[in-house]
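Working notes, beginning with the structure itself.
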Amino acid sequence: MTTDPAIESAARPEPTDPGERQRSPRARPALLLGLAFVTGVLGLGIYSGVRTRSAADATLKRTTADAAIPVVSVMSPTASASTQEILLPGTTQAFTDAPIFARTNGYVKRWYFDIGAHVKEGQLLVEIETPEVDQQLQQARADLETARANLRQAQITADRWRALLETDSVSKQETDVAVSALSAMKATVDSNTANVGRLQQLQAFEKIYAPFDGVITARNVDIGVLINAGSMSTGGRELFHMTAIHTLRVFVAVPEVYSRAARPGSTATLTLDEFPGRSFQGTLVRTANAIDLTSRTLLVEVDVDNPRGELLPGAYVFVHLKLPKQIATVTVPANTLLFRAEGLQVAVVREGRAQLVPVTIGRDYGTTVEISAGLQPADQVIVAPSDSLTSGTRVRIAGAPAGARP
């Protein structure tokens, strides 16, 4: 059905205000502009909120990742001095140490020195009564005189038989028998002479003299004690014990890693607890030239002069040996060590990751240890590493900025 425009125009009310006719067309663009502004503000707010949340999520992830990296404390090993020394325990021994035994049987007649006495070589220590030896010597001398008399008779007989043989008064056989008897008598005289000499030597052992300059450290006999000749293994009694203390020996077991420091002719210093503040100079005179398979040490001998007898045999001493410059070592705290099935290790930080390095201990000072192989002074050693720490684990050094790589 078609509507007449004239009728439609007549039905629409006419605006009463003439200005209203002019404002209506302008109100629509303003309304659209306002709606667009509100929409833009809302969009900007939504975008800003999404971006803020994304940044927060990224920060949370980064913080979580950084928190997952263990934080460790590190230290640098302390380099040892170019010339240092090692301190090793030892025990002083007398340069000459000898037990004194009797060489003949008898009874102690008199002794002249007691323990602690300083004696010179050749001084008389003890006299032994040997009545049996004295009687045997007298008998041997008598037998020797008899043999000599028989020898003289045999000599005369042999000379006579030789003279008679020249005139064919006796046979050659009888002369040979007489000459042979002379030779037998000579052998008998020699035998008896040797026996007399043996007994004279035994009789000379009645007096026992000091074999060297030294100190009597033990006296095990008294007057009237029965003495059997021989050593303790054969039932003999040790009469005296002597030591020469003008020079003392100290045997020291040097660890294999420091064996190069044990050079014959090098100096060594000795210290003792009973002489605080004092030291005694010694000389390393010889080594065993072989590493002991059980202890992995090198046995060395250090000799120290003791002219005034201040040092006593058997004393506990500390031997200071200088190390050559070629032996470079570092020192680290004991709580940096890891005892694993693979052996002794320490953890170091390299390029932001932990690395387990095998090391060799030189000396143990208690709170610190000396590392002779495996570390350098520039290494960053982890202090008190976790038992679960493995090689390749990312770590962060305490105090370093997050994300920073050492």
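Chain lettering (A, B, ...) mirrors the order of the structure tokens, residue numbering begins at 1 for each chain separately, and ligand numbering begins at 1 in order of display.
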**OP:** Any chance you could list, as a PyMOL selection string, the residues in stretch 310-362 of chain A that come up strand (DSSP E or B) when DSSP is run on the backbone?
**Re:** chain A and resi 316-322+330-333+337-340+343-350+353-358+360-362
Include C-alpha atoms and write out the residues we just selected as a tab-separated table (two decimals), in the first residue's frame.
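Okay, again-v6.tsv is ready:
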chain	number	residue	atom	x	y	z
A	316	TYR	CA	110.61	-37.33	69.78
A	317	VAL	CA	111.55	-34.58	67.35
A	318	PHE	CA	110.07	-32.66	64.44
A	319	VAL	CA	112.18	-32.52	61.31
A	320	HIS	CA	111.77	-29.49	59.05
A	321	LEU	CA	112.71	-30.18	55.44
A	322	LYS	CA	112.81	-27.43	52.83
A	330	VAL	CA	97.87	-24.68	47.26
A	331	THR	CA	95.86	-24.66	50.48
A	332	VAL	CA	92.08	-24.91	50.75
A	333	PRO	CA	89.65	-25.27	53.69
A	337	LEU	CA	86.56	-31.66	50.02
A	338	LEU	CA	84.15	-34.22	48.61
A	339	PHE	CA	84.66	-37.88	49.45
A	340	ARG	CA	83.13	-39.84	46.61
A	343	GLY	CA	88.10	-40.61	45.08
A	344	LEU	CA	88.84	-37.31	46.75
A	345	GLN	CA	87.43	-34.34	44.79
A	346	VAL	CA	86.67	-30.62	45.05
A	347	ALA	CA	84.02	-28.64	43.16
A	348	VAL	CA	85.06	-25.59	41.14
A	349	VAL	CA	82.95	-23.07	39.21
A	350	ARG	CA	83.76	-22.82	35.51
A	353	ARG	CA	78.65	-24.58	36.05
A	354	ALA	CA	80.10	-26.80	38.76
A	355	GLN	CA	82.92	-29.14	37.84
A	356	LEU	CA	84.21	-31.92	40.13
A	357	VAL	CA	88.00	-32.08	40.02
A	358	PRO	CA	90.07	-34.94	41.50
A	360	THR	CA	95.75	-35.09	45.79
A	361	ILE	CA	96.34	-34.10	49.42
A	362	GLY	CA	99.85	-33.28	50.50
**OP:** Going by DSSP on the backbone, which bits of stretch 161-255 of chain A are alpha helix (DSSP H)? Write them as a PyMOL selection string, please.
**Re:** chain A and resi 161-166+172-204
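Between atom CA of A:Thr393 and atom CA of A:Glu342 lies a distance of 17.8 Å.
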Original post:
Looking at only C-alpha atoms, which of A:Val215, A:Val257, A:Leu389, A:Ala229 is the one that sits closest to A:Glu121?
Top reply: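 Result for the nearest residue to A:Glu121: A:Val215.
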**OP:** Quick one: pull the distance between atom CA of A:Gln201 and atom CA of A:Thr104, Å, one decimal.
**Re:** 9.3 Å
Original post:
Which is closest to A:Ile216 among A:Phe37, A:Leu125, A:Asn335, A:Ser388, if we use only C-alpha atoms?
Top reply: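 Ranking A:Phe37, A:Leu125, A:Asn335, A:Ser388 by distance to A:Ile216, first place goes to A:Leu125.
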Original post:
Within 6 Å of A:Ala94, counting only C-alpha atoms, which residues qualify if same-chain residues fewer than 6 places away don't, as a ChimeraX atom specification?
Top reply: /A:243-245,248,313
Subject >> atom CA of A:Ala149 to atom CA of A:Thr175, straight-line distance in Å >> reply: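 Taking atom CA of A:Thr175 and atom CA of A:Ala149, their separation equals 20.2 Å.
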Original post:
Got a sec: who's within 12 Å of A:Ser191, counting only C-alpha atoms, leaving out chain neighbours fewer than 2 positions off, as number ranges by chain?
Top reply: A: 140-141, 143-145, 147-148, 184-189, 193-198
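Shell of stretch 136-138 of chain A at 8 Å, with only C-alpha atoms counted and residues fewer than 4 places along the chain excluded, is Glu132, Ala142, Val196, Leu199 and Gln200 of chain A.
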List as an mmCIF file with all heavy atoms, in the first residue's frame the protein and nucleic acid residues near A:Ala163, meaning an atom at most 12 Å away when only C-alpha atoms are counted, but skip any in the same chain fewer than 6 places from it.
data_model
loop_
_atom_site.group_PDB
_atom_site.id
_atom_site.type_symbol
_atom_site.label_atom_id
_atom_site.label_comp_id
_atom_site.auth_asym_id
_atom_site.auth_seq_id
_atom_site.Cartn_x
_atom_site.Cartn_y
_atom_site.Cartn_z
ATOM 1 N N ILE A 156 166.438 -84.640 67.121
ATOM 2 C CA ILE A 156 167.725 -85.302 67.322
ATOM 3 C C ILE A 156 167.731 -86.665 66.628
ATOM 4 O O ILE A 156 168.695 -87.054 65.941
ATOM 5 C CB ILE A 156 168.012 -85.461 68.832
ATOM 6 C CG1 ILE A 156 168.226 -84.079 69.451
ATOM 7 C CG2 ILE A 156 169.235 -86.338 69.069
ATOM 8 C CD1 ILE A 156 168.317 -84.103 70.970
ATOM 9 N N THR A 157 166.639 -87.390 66.788
ATOM 10 C CA THR A 157 166.555 -88.740 66.179
ATOM 11 C C THR A 157 166.614 -88.635 64.657
ATOM 12 O O THR A 157 167.321 -89.423 63.983
ATOM 13 C CB THR A 157 165.251 -89.405 66.617
ATOM 14 O OG1 THR A 157 165.220 -89.499 68.047
ATOM 15 C CG2 THR A 157 165.140 -90.801 66.008
ATOM 16 N N SER A 169 174.360 -97.237 57.340
ATOM 17 C CA SER A 169 174.234 -97.971 58.597
ATOM 18 C C SER A 169 172.788 -98.285 58.913
ATOM 19 O O SER A 169 172.496 -99.212 59.702
ATOM 20 C CB SER A 169 174.863 -97.178 59.753
ATOM 21 O OG SER A 169 176.226 -96.937 59.502
ATOM 22 N N VAL A 170 171.876 -97.543 58.381
ATOM 23 C CA VAL A 170 170.431 -97.758 58.587
ATOM 24 C C VAL A 170 169.768 -97.763 57.212
ATOM 25 O O VAL A 170 170.310 -97.260 56.226
ATOM 26 C CB VAL A 170 169.809 -96.668 59.486
ATOM 27 C CG1 VAL A 170 170.369 -96.764 60.899
ATOM 28 C CG2 VAL A 170 170.035 -95.304 58.885
ATOM 29 N N SER A 171 168.567 -98.283 57.230
ATOM 30 C CA SER A 171 167.836 -98.343 55.964
ATOM 31 C C SER A 171 167.133 -96.995 55.675
ATOM 32 O O SER A 171 166.917 -96.169 56.563
ATOM 33 C CB SER A 171 166.792 -99.465 56.014
ATOM 34 O OG SER A 171 165.795 -99.169 56.990
ATOM 35 N N LYS A 172 166.797 -96.882 54.409
ATOM 36 C CA LYS A 172 166.064 -95.666 53.981
ATOM 37 C C LYS A 172 164.704 -95.608 54.652
ATOM 38 O O LYS A 172 164.222 -94.542 55.042
ATOM 39 C CB LYS A 172 165.924 -95.697 52.448
ATOM 40 C CG LYS A 172 165.096 -94.563 51.877
ATOM 41 C CD LYS A 172 165.759 -93.212 52.082
ATOM 42 C CE LYS A 172 164.966 -92.137 51.351
ATOM 43 N NZ LYS A 172 165.482 -90.790 51.634
ATOM 44 N N THR A 175 164.930 -94.278 58.201
ATOM 45 C CA THR A 175 165.204 -92.832 58.186
ATOM 46 C C THR A 175 163.937 -92.049 57.884
ATOM 47 O O THR A 175 163.648 -91.009 58.516
ATOM 48 C CB THR A 175 166.290 -92.514 57.156
ATOM 49 O OG1 THR A 175 167.457 -93.272 57.449
ATOM 50 C CG2 THR A 175 166.607 -91.033 57.168
ATOM 51 N N ALA A 178 161.720 -91.759 60.925
ATOM 52 C CA ALA A 178 162.201 -90.776 61.891
ATOM 53 C C ALA A 178 161.889 -89.347 61.436
ATOM 54 O O ALA A 178 161.506 -88.494 62.231
ATOM 55 C CB ALA A 178 163.706 -90.955 62.097
#
